[in-house]
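**Student:** My structure is below; once you've seen it, I'll send some questions.
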Amino acid sequence: MLTGRMMAFPLTITHLWQRAREFFPRQEVVSRLPDKSLHRQTYADFAARTARLANALKKLGVGPGDRVATLCWNHRQHLEAYYAVPMMGAVVHTLNIRLHPSELLYIAQSAEDSVLIVDRSLWKLYEAFGPEVRSLRHVIVVPDAGPAPEGTHDYEALLAAEHDEYAWPALDENTAAMLCYTSGTTGNPKGVLLSHRSTVLHAMVSCMTDTLGIRQGDTCMPVVPMFHAAAWGLPYSAVLAGAKLVMPGPHLDGLSLLDLMAAEKVTLAAGVPTIWLGILAALDNEPRRWDLRSVRAMVIGGAAAPASMIEGFSTRHSLQVVHAWGMTEMSPLGTVANIKHGLLDRSPEELLSLRASQGYAVPFVETRHVNDQGSPLPRDGETFGELEVRGPWVASSYYNGDGGDRFTDDGWFKTGDVVTLDPEGYMRITDRAKDVIKSGGEWISSVALENALMSHPAVLEAAVFAAQHPTWSERPVAAVAFKPGQSATPDELRAHIEGRFAKFWLPDAYVVVSQIPRTSTGKFLKSKLREEHGRILLGEAVT
Ligand code: AMP
C-alpha cells in the first residue's frame, strides 16, 4: 500500500479555540445569571480568560490526564473550563447537578477528580457530597450567587491574578479531553471518555448543512445542560463555526427561555422534549407575545419528540423542529431526521412521520439492528431489533471498565434501543430495551402509543409502561398528565388512538398523574411508573 503524503495535523480542541480568537474576536457569549441579568463577553475575552484559567489550574497542580470536575449551569465559566482543561492535556469531567449526592459521590470517586469547579448557587449540593470525595485537592467557586465560601478559591479572583497567554502543549489527537457519565438508570453510571479527535470530528459533522448545519451566522442556545452529553457538543461546534452562544443558566422554564430566545434573536436552540413541551404550552397560551422570526431550528433529542409537538410548532407557530437521536456513548450525535431531497414530494402525513422518526445516520456513524442472536435484520421498516452503532465518536469501552457486554466482538456498540430501520435508512425507536412491553410474546411499542396519546388536545404528557398481567405476562398501561384545567376519560383517550394500532396494542388502563416522573436528564422514568403502578392489572390496590 502506498502511504499518502499529507500532514499528520492533529485534530485538537486547541485549534477550535485558536480559530475563535483569530477570526471571531468580537463574537459574543451571553450568559444569564441566577438573578436573570445578562452577562456579555466576546470570544476575545473568552480566549484570554481560558488562558488565565489554565495558568491558575497549573498553579493548583493540575497536570496531564488529571480530572477537573465541573458542577455548573450553562454559562461562560463552564465554557472556559470546556476549553482550558482539555487544552492543558487534562480532562474536564462534567457532573450532573440533578443526581442524588450519593450518586455524585460515587461518580467523583470513580473519576478520581482532583479539582472541582462549582457554582455558588449549587453550593448546598456540593456540601452534600464534595467533602467526602477523597481525591479532591481544590474547590473553585464561580461566584454567581454570592462570594466563595472560606477554604475555597474564588474563580474570578484566580483569573484576575493570571496572564492572558498560556503555553498550550502540542497534544496527540487521541489524548482524553472530557469525561461524561451516563445517567445510569440501571446499574452504576458508566464513564465515557471523549478524545480531542472524537470531539473535533463530532463538531465538524454537527456543522454540516444536512445535519444540524451550525454556521457562523447562528446564535446557538444550548438548553440541554453542559452536564448532559457535553450539551450535545454545541459548545464545541458553535465555537468551531464562530457562532454566537447564548447560555441560559438556571432559568429553564418556558417563559424564561422564550424571553431569552426573542431578546437575543436565537437561531438554533437545543433541548429535550420536556423543555419543548413547556415552551409549546407557553406559546399556545400567548401566541403573539414573542417575536421568534430569527429561529431557524429547534433541535429536539434525548427522548422521542412526539409528532403532535413537531406539528404544533410548525402549524401554529411556524417553528421548525429538527429531531435528532444520540447517546452519551456517542458524543452524542447519531441520527438526524432531515428529509432527503428525493422525499420532499411525499404527502404531509408522510413528511411528518419522517420528521418524527429519529432520522438517518450522520456521516461516519454506521447503524445496524440485530435479533437476540446478534444477526442483522432486514431494513423493511417493520422488523424490530436492537440498534448497534460504530464510528469515530462512539465509545470503544467505558472508562471504569464496566459494561463490557455492550461492545460486540466485531466492533459495534449495543445501544439498548429497540428500533426499526426502513429502506431509506430512517430509524424509528420503538422502545428502550429495558422498557419494552411484551404481551403474549408480541412486542408493543410504548413510544408509538405515547406519541398518539400526546396528540390528544387535553394531554400534556403521556408515558406507556409494562404492567404485569396474569394471562399475557405484560400489558401496556398509560400514565397521563393533563394540561391545566383539562381532562379526558379513559374511553375518550382510547377512542382517540384506536384505529391507529392493532387492538392488542391499546393500553388496558389509564393512570392520571400530575407529572410523568423524570430522570436526571429529563427523560420519562418508566421504572418508577412500573414500581408504582406495575401491579394495577393484578387486581391489587394502586400504591
Ligand atoms: P443519554 O445518553 O442520556 O442521552 O441517553 C441516550 C438514550 O436516550 C438513547 O439510547 C435513547 O434511548 C434516548 N434517546 C435519545 N434521543 C432520542 C430520540 N430522539 N428519540 C427517542 N429516544 C431518544
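By convention in this document, the chains of the C-alpha cells carry letters A, B, ... by their order, each chain's residues are numbered from 1, and ligands are numbered from 1 in the order they are shown.
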Can you tell me which residues come within 7 Å of ligand 1 when counting only C-alpha atoms and all ligand atoms, ideally as a list in words?
**Tutor:** Thr182, Ser183, His228, Ala229, Ile300, Gly301, Gly302, Ala303, Ala304, Ala305, His323, Ala324, Trp325, Gly326, Met327, Thr328, Glu329, Pro332, Gln358, Thr415, Gly416, Asp417, Ile429, Arg432 and Thr521 of chain A
**Student:** At a cut-off of 10 Å, using only C-alpha atoms, what residues contact Cys72 (chain A)? Leave out same-chain residues fewer than 2 positions from it and give the result as an MDAnalysis selection string.
**Tutor:** chainID A and resid 69:70 74:75 77:78 94:97 117:122 141:142 225:227 249:250
**Student:** Which residue out of A:Gln18, A:Ser527, A:Ser439, A:Ser331 has the minimum interatomic distance to Phe465 (chain A) when only C-alpha atoms are used?
**Tutor:**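 With only C-alpha atoms as the atom set, the closest residue is A:Ser527.
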**Student:** Which residues are close to Gln320 (chain A), i.e. within 7 Å by only C-alpha atoms, leaving aside same-chain residues fewer than 2 positions away? Reply as a compact mmCIF listing (two decimals) with all heavy atoms, in the first residue's frame.
**Tutor:**
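As a result, selection23.txt now contains:
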```
# COMPACT_ATOMS: atom_id res chain seq x y z
N ARG A 296 -34.41 29.39 13.33
CA ARG A 296 -34.48 28.53 12.15
C ARG A 296 -34.61 27.06 12.53
O ARG A 296 -35.08 26.26 11.75
CB ARG A 296 -33.28 28.75 11.23
CG ARG A 296 -31.98 28.18 11.75
CD ARG A 296 -30.89 28.13 10.69
NE ARG A 296 -29.65 27.66 11.27
CZ ARG A 296 -29.34 26.37 11.42
NH1 ARG A 296 -30.14 25.43 11.01
NH2 ARG A 296 -28.18 26.03 11.97
N ALA A 297 -34.17 26.67 13.71
CA ALA A 297 -34.22 25.25 14.09
C ALA A 297 -34.30 25.09 15.59
O ALA A 297 -33.58 25.75 16.33
CB ALA A 297 -32.99 24.52 13.56
N MET A 298 -35.20 24.22 16.00
CA MET A 298 -35.24 23.82 17.40
C MET A 298 -34.87 22.34 17.42
O MET A 298 -35.64 21.50 16.96
CB MET A 298 -36.64 24.05 17.96
CG MET A 298 -37.00 25.53 17.83
SD MET A 298 -38.53 25.93 18.62
CE MET A 298 -39.53 24.61 18.07
N PHE A 313 -45.72 23.00 16.67
CA PHE A 313 -44.76 24.10 16.49
C PHE A 313 -44.84 24.64 15.06
O PHE A 313 -44.83 25.84 14.84
CB PHE A 313 -43.32 23.63 16.77
CG PHE A 313 -42.93 23.73 18.21
CD1 PHE A 313 -42.53 22.62 18.93
CD2 PHE A 313 -42.93 24.96 18.85
CE1 PHE A 313 -42.16 22.71 20.26
CE2 PHE A 313 -42.55 25.08 20.19
CZ PHE A 313 -42.17 23.95 20.89
N SER A 314 -44.93 23.72 14.08
CA SER A 314 -44.85 24.22 12.71
C SER A 314 -46.17 24.85 12.25
O SER A 314 -46.16 25.93 11.68
CB SER A 314 -44.33 23.12 11.78
OG SER A 314 -45.38 22.50 11.11
N SER A 318 -45.16 28.40 13.17
CA SER A 318 -44.16 28.47 12.08
C SER A 318 -42.74 28.20 12.58
O SER A 318 -41.78 28.85 12.14
CB SER A 318 -44.18 29.85 11.41
OG SER A 318 -45.45 30.13 10.96
N VAL A 322 -36.10 20.11 14.53
CA VAL A 322 -35.17 19.13 13.96
C VAL A 322 -35.00 18.04 15.02
O VAL A 322 -34.45 18.30 16.09
CB VAL A 322 -33.81 19.78 13.63
CG1 VAL A 322 -32.83 18.74 13.13
CG2 VAL A 322 -33.99 20.90 12.61
```
**Student:** Kindly assemble as CSV a list of the region 499-530 of chain A residues that lie within 7 Å of region 472-480 of chain A, each paired with its nearest atom pair and their distance in Å to one decimal, using only C-alpha atoms, sorted first by chain and then by ascending residue number.
**Tutor:**
```
residue,atom,partner,partner_atom,distance
A:Pro507,CA,A:Pro476,CA,4.7
A:Asp508,CA,A:Val477,CA,5.6
A:Ala509,CA,A:Val477,CA,5.0
A:Tyr510,CA,A:Ala478,CA,4.8
A:Val511,CA,A:Ala479,CA,4.7
A:Val512,CA,A:Val480,CA,5.0
A:Val513,CA,A:Val480,CA,5.9
```
**Student:** Kindly save the residues from that selection, with all heavy atoms included, as a PDB file, in the first residue's frame.
**Tutor:**
```
ATOM      1  N   PRO A 507     -53.679   0.374  25.460  1.00  0.00           N
ATOM      2  CA  PRO A 507     -53.474   0.207  26.903  1.00  0.00           C
ATOM      3  C   PRO A 507     -54.709  -0.365  27.599  1.00  0.00           C
ATOM      4  O   PRO A 507     -55.840  -0.038  27.240  1.00  0.00           O
ATOM      5  CB  PRO A 507     -53.197   1.636  27.383  1.00  0.00           C
ATOM      6  CG  PRO A 507     -52.680   2.356  26.192  1.00  0.00           C
ATOM      7  CD  PRO A 507     -53.376   1.749  25.008  1.00  0.00           C
ATOM      8  N   ASP A 508     -54.454  -1.202  28.618  1.00  0.00           N
ATOM      9  CA  ASP A 508     -55.544  -1.802  29.387  1.00  0.00           C
ATOM     10  C   ASP A 508     -56.066  -0.842  30.445  1.00  0.00           C
ATOM     11  O   ASP A 508     -57.156  -1.022  30.955  1.00  0.00           O
ATOM     12  CB  ASP A 508     -55.041  -3.069  30.108  1.00  0.00           C
ATOM     13  CG  ASP A 508     -55.067  -4.271  29.186  1.00  0.00           C
ATOM     14  OD1 ASP A 508     -55.200  -4.053  27.962  1.00  0.00           O
ATOM     15  OD2 ASP A 508     -54.928  -5.407  29.680  1.00  0.00           O
ATOM     16  N   ALA A 509     -55.253   0.134  30.821  1.00  0.00           N
ATOM     17  CA  ALA A 509     -55.694   1.063  31.877  1.00  0.00           C
ATOM     18  C   ALA A 509     -54.984   2.393  31.696  1.00  0.00           C
ATOM     19  O   ALA A 509     -53.942   2.475  31.030  1.00  0.00           O
ATOM     20  CB  ALA A 509     -55.363   0.476  33.248  1.00  0.00           C
ATOM     21  N   TYR A 510     -55.585   3.429  32.282  1.00  0.00           N
ATOM     22  CA  TYR A 510     -55.018   4.779  32.229  1.00  0.00           C
ATOM     23  C   TYR A 510     -54.871   5.278  33.664  1.00  0.00           C
ATOM     24  O   TYR A 510     -55.817   5.185  34.446  1.00  0.00           O
ATOM     25  CB  TYR A 510     -55.926   5.721  31.427  1.00  0.00           C
ATOM     26  CG  TYR A 510     -56.006   5.337  29.971  1.00  0.00           C
ATOM     27  CD1 TYR A 510     -56.893   4.352  29.533  1.00  0.00           C
ATOM     28  CD2 TYR A 510     -55.169   5.935  29.040  1.00  0.00           C
ATOM     29  CE1 TYR A 510     -56.938   3.975  28.201  1.00  0.00           C
ATOM     30  CE2 TYR A 510     -55.211   5.570  27.699  1.00  0.00           C
ATOM     31  CZ  TYR A 510     -56.098   4.581  27.284  1.00  0.00           C
ATOM     32  OH  TYR A 510     -56.132   4.207  25.969  1.00  0.00           O
ATOM     33  N   VAL A 511     -53.701   5.769  34.003  1.00  0.00           N
ATOM     34  CA  VAL A 511     -53.470   6.296  35.345  1.00  0.00           C
ATOM     35  C   VAL A 511     -53.226   7.794  35.186  1.00  0.00           C
ATOM     36  O   VAL A 511     -52.397   8.195  34.363  1.00  0.00           O
ATOM     37  CB  VAL A 511     -52.187   5.683  35.958  1.00  0.00           C
ATOM     38  CG1 VAL A 511     -52.045   6.073  37.405  1.00  0.00           C
ATOM     39  CG2 VAL A 511     -52.174   4.186  35.794  1.00  0.00           C
ATOM     40  N   VAL A 512     -53.963   8.616  35.941  1.00  0.00           N
ATOM     41  CA  VAL A 512     -53.767  10.062  35.826  1.00  0.00           C
ATOM     42  C   VAL A 512     -52.715  10.496  36.847  1.00  0.00           C
ATOM     43  O   VAL A 512     -52.802  10.148  38.028  1.00  0.00           O
ATOM     44  CB  VAL A 512     -55.096  10.814  36.052  1.00  0.00           C
ATOM     45  CG1 VAL A 512     -54.862  12.325  35.990  1.00  0.00           C
ATOM     46  CG2 VAL A 512     -56.107  10.392  34.987  1.00  0.00           C
ATOM     47  N   VAL A 513     -51.709  11.215  36.389  1.00  0.00           N
ATOM     48  CA  VAL A 513     -50.645  11.702  37.283  1.00  0.00           C
ATOM     49  C   VAL A 513     -50.498  13.213  37.067  1.00  0.00           C
ATOM     50  O   VAL A 513     -50.933  13.744  36.039  1.00  0.00           O
ATOM     51  CB  VAL A 513     -49.285  11.004  36.992  1.00  0.00           C
ATOM     52  CG1 VAL A 513     -49.358   9.522  37.296  1.00  0.00           C
ATOM     53  CG2 VAL A 513     -48.866  11.207  35.537  1.00  0.00           C
TER      54      VAL A 513
END
```
**Student:** My list of candidates is A:Glu286, A:Glu162, A:Asp259, A:Asp380. Which is closest to Leu57 (chain A) when distances are computed with only C-alpha atoms?
**Tutor:** A:Glu162
**Student:** What is the CA of Arg316 (chain A)-CA of Ala488 (chain A) distance in Å, reported with one decimal?
**Tutor:**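 Computing the Euclidean distance for CA of Arg316 (chain A) and CA of Ala488 (chain A) yields 22.7 Å.
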**Student:** When you count only C-alpha atoms, which of these residues is closest to Leu193 (chain A): A:Ser397, A:Ser102, A:Asn285, A:Thr315?
**Tutor:**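 Among the listed residues, A:Ser397 lies closest to Leu193 (chain A).
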**Student:** Measure the distance from CA of Pro392 (chain A) to CA of Tyr360 (chain A) in Å and round it to one decimal.
**Tutor:**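 Going from CA of Pro392 (chain A) over to CA of Tyr360 (chain A), I get 16.9 Å.
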**Student:** Quick one: residues within 9 Å of Met178 (chain A), only C-alpha atoms counted, chain neighbours fewer than 2 positions away excluded, as a list in words?
**Tutor:** Arg67, Tyr82, Val85, Pro86, Ala90, Val91, Val92, His93, Thr94, Ala176, Cys180, Val192, Leu193, Leu194, Ser195, His196, Thr199 and Ala230 of chain A
**Student:** Those selected residues, please, written with N, CA, C and O atoms and delivered as a CSV table (one decimal), in the first residue's frame.
**Tutor:**
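Resulting contents of selection_28.csv:
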```
chain,number,residue,atom,x,y,z
A,67,ARG,N,-8.2,14.8,36.3
A,67,ARG,CA,-9.6,15.1,36.1
A,67,ARG,C,-10.0,16.4,36.9
A,67,ARG,O,-9.8,16.4,38.1
A,82,TYR,N,-14.5,24.0,29.6
A,82,TYR,CA,-14.6,23.1,28.5
A,82,TYR,C,-13.3,23.2,27.6
A,82,TYR,O,-13.0,22.3,26.8
A,85,VAL,N,-9.3,23.1,30.3
A,85,VAL,CA,-8.8,21.9,30.9
A,85,VAL,C,-8.3,20.9,29.8
A,85,VAL,O,-7.1,20.5,29.9
A,86,PRO,N,-9.1,20.6,28.8
A,86,PRO,CA,-8.5,19.7,27.8
A,86,PRO,C,-7.3,20.3,27.0
A,86,PRO,O,-6.4,19.5,26.6
A,90,ALA,N,-5.4,18.0,30.3
A,90,ALA,CA,-6.1,17.4,31.4
A,90,ALA,C,-7.5,17.0,30.9
A,90,ALA,O,-7.8,17.2,29.7
A,91,VAL,N,-8.4,16.5,31.8
A,91,VAL,CA,-9.7,16.0,31.4
A,91,VAL,C,-10.8,16.8,32.1
A,91,VAL,O,-10.8,16.8,33.4
A,92,VAL,N,-11.7,17.4,31.4
A,92,VAL,CA,-12.8,18.1,32.1
A,92,VAL,C,-14.0,17.0,32.3
A,92,VAL,O,-14.4,16.3,31.4
A,93,HIS,N,-14.4,17.0,33.6
A,93,HIS,CA,-15.4,16.0,33.9
A,93,HIS,C,-16.7,16.7,34.4
A,93,HIS,O,-16.7,17.3,35.5
A,94,THR,N,-17.7,16.6,33.6
A,94,THR,CA,-19.0,17.3,33.9
A,94,THR,C,-19.9,16.5,34.8
A,94,THR,O,-20.3,15.3,34.5
A,176,ALA,N,-7.2,12.1,25.9
A,176,ALA,CA,-8.5,12.3,26.5
A,176,ALA,C,-8.8,13.7,26.8
A,176,ALA,O,-7.9,14.5,27.2
A,180,CYS,N,-17.7,12.1,30.6
A,180,CYS,CA,-19.2,12.2,30.9
A,180,CYS,C,-19.7,10.9,31.3
A,180,CYS,O,-19.4,9.9,30.7
A,192,VAL,N,-17.8,7.8,30.0
A,192,VAL,CA,-17.5,7.8,28.6
A,192,VAL,C,-16.4,8.9,28.5
A,192,VAL,O,-16.6,10.0,28.8
A,193,LEU,N,-15.2,8.4,28.0
A,193,LEU,CA,-14.0,9.3,27.9
A,193,LEU,C,-13.8,9.7,26.5
A,193,LEU,O,-13.3,9.0,25.6
A,194,LEU,N,-14.2,11.0,26.2
A,194,LEU,CA,-14.0,11.5,24.8
A,194,LEU,C,-12.6,11.9,24.6
A,194,LEU,O,-11.9,12.4,25.5
A,195,SER,N,-12.2,11.9,23.3
A,195,SER,CA,-10.8,12.4,23.0
A,195,SER,C,-10.9,13.7,22.2
A,195,SER,O,-12.0,14.1,21.8
A,196,HIS,N,-9.8,14.4,22.1
A,196,HIS,CA,-9.8,15.6,21.3
A,196,HIS,C,-10.3,15.3,19.9
A,196,HIS,O,-11.1,16.0,19.3
A,199,THR,N,-14.0,14.6,19.6
A,199,THR,CA,-14.8,15.9,19.9
A,199,THR,C,-14.7,16.8,18.6
A,199,THR,O,-15.8,17.3,18.2
A,230,ALA,N,-22.2,16.6,27.0
A,230,ALA,CA,-21.5,17.8,26.6
A,230,ALA,C,-22.4,18.8,25.8
A,230,ALA,O,-22.0,19.5,24.9
```
**Student:** Find, counting only C-alpha atoms, the residue in A:Leu240, A:Ile279, A:Leu538, A:Ile339 that gets nearest to Leu201 (chain A).
**Tutor:**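 That would be A:Leu240, the residue with the smallest distance to Leu201 (chain A).
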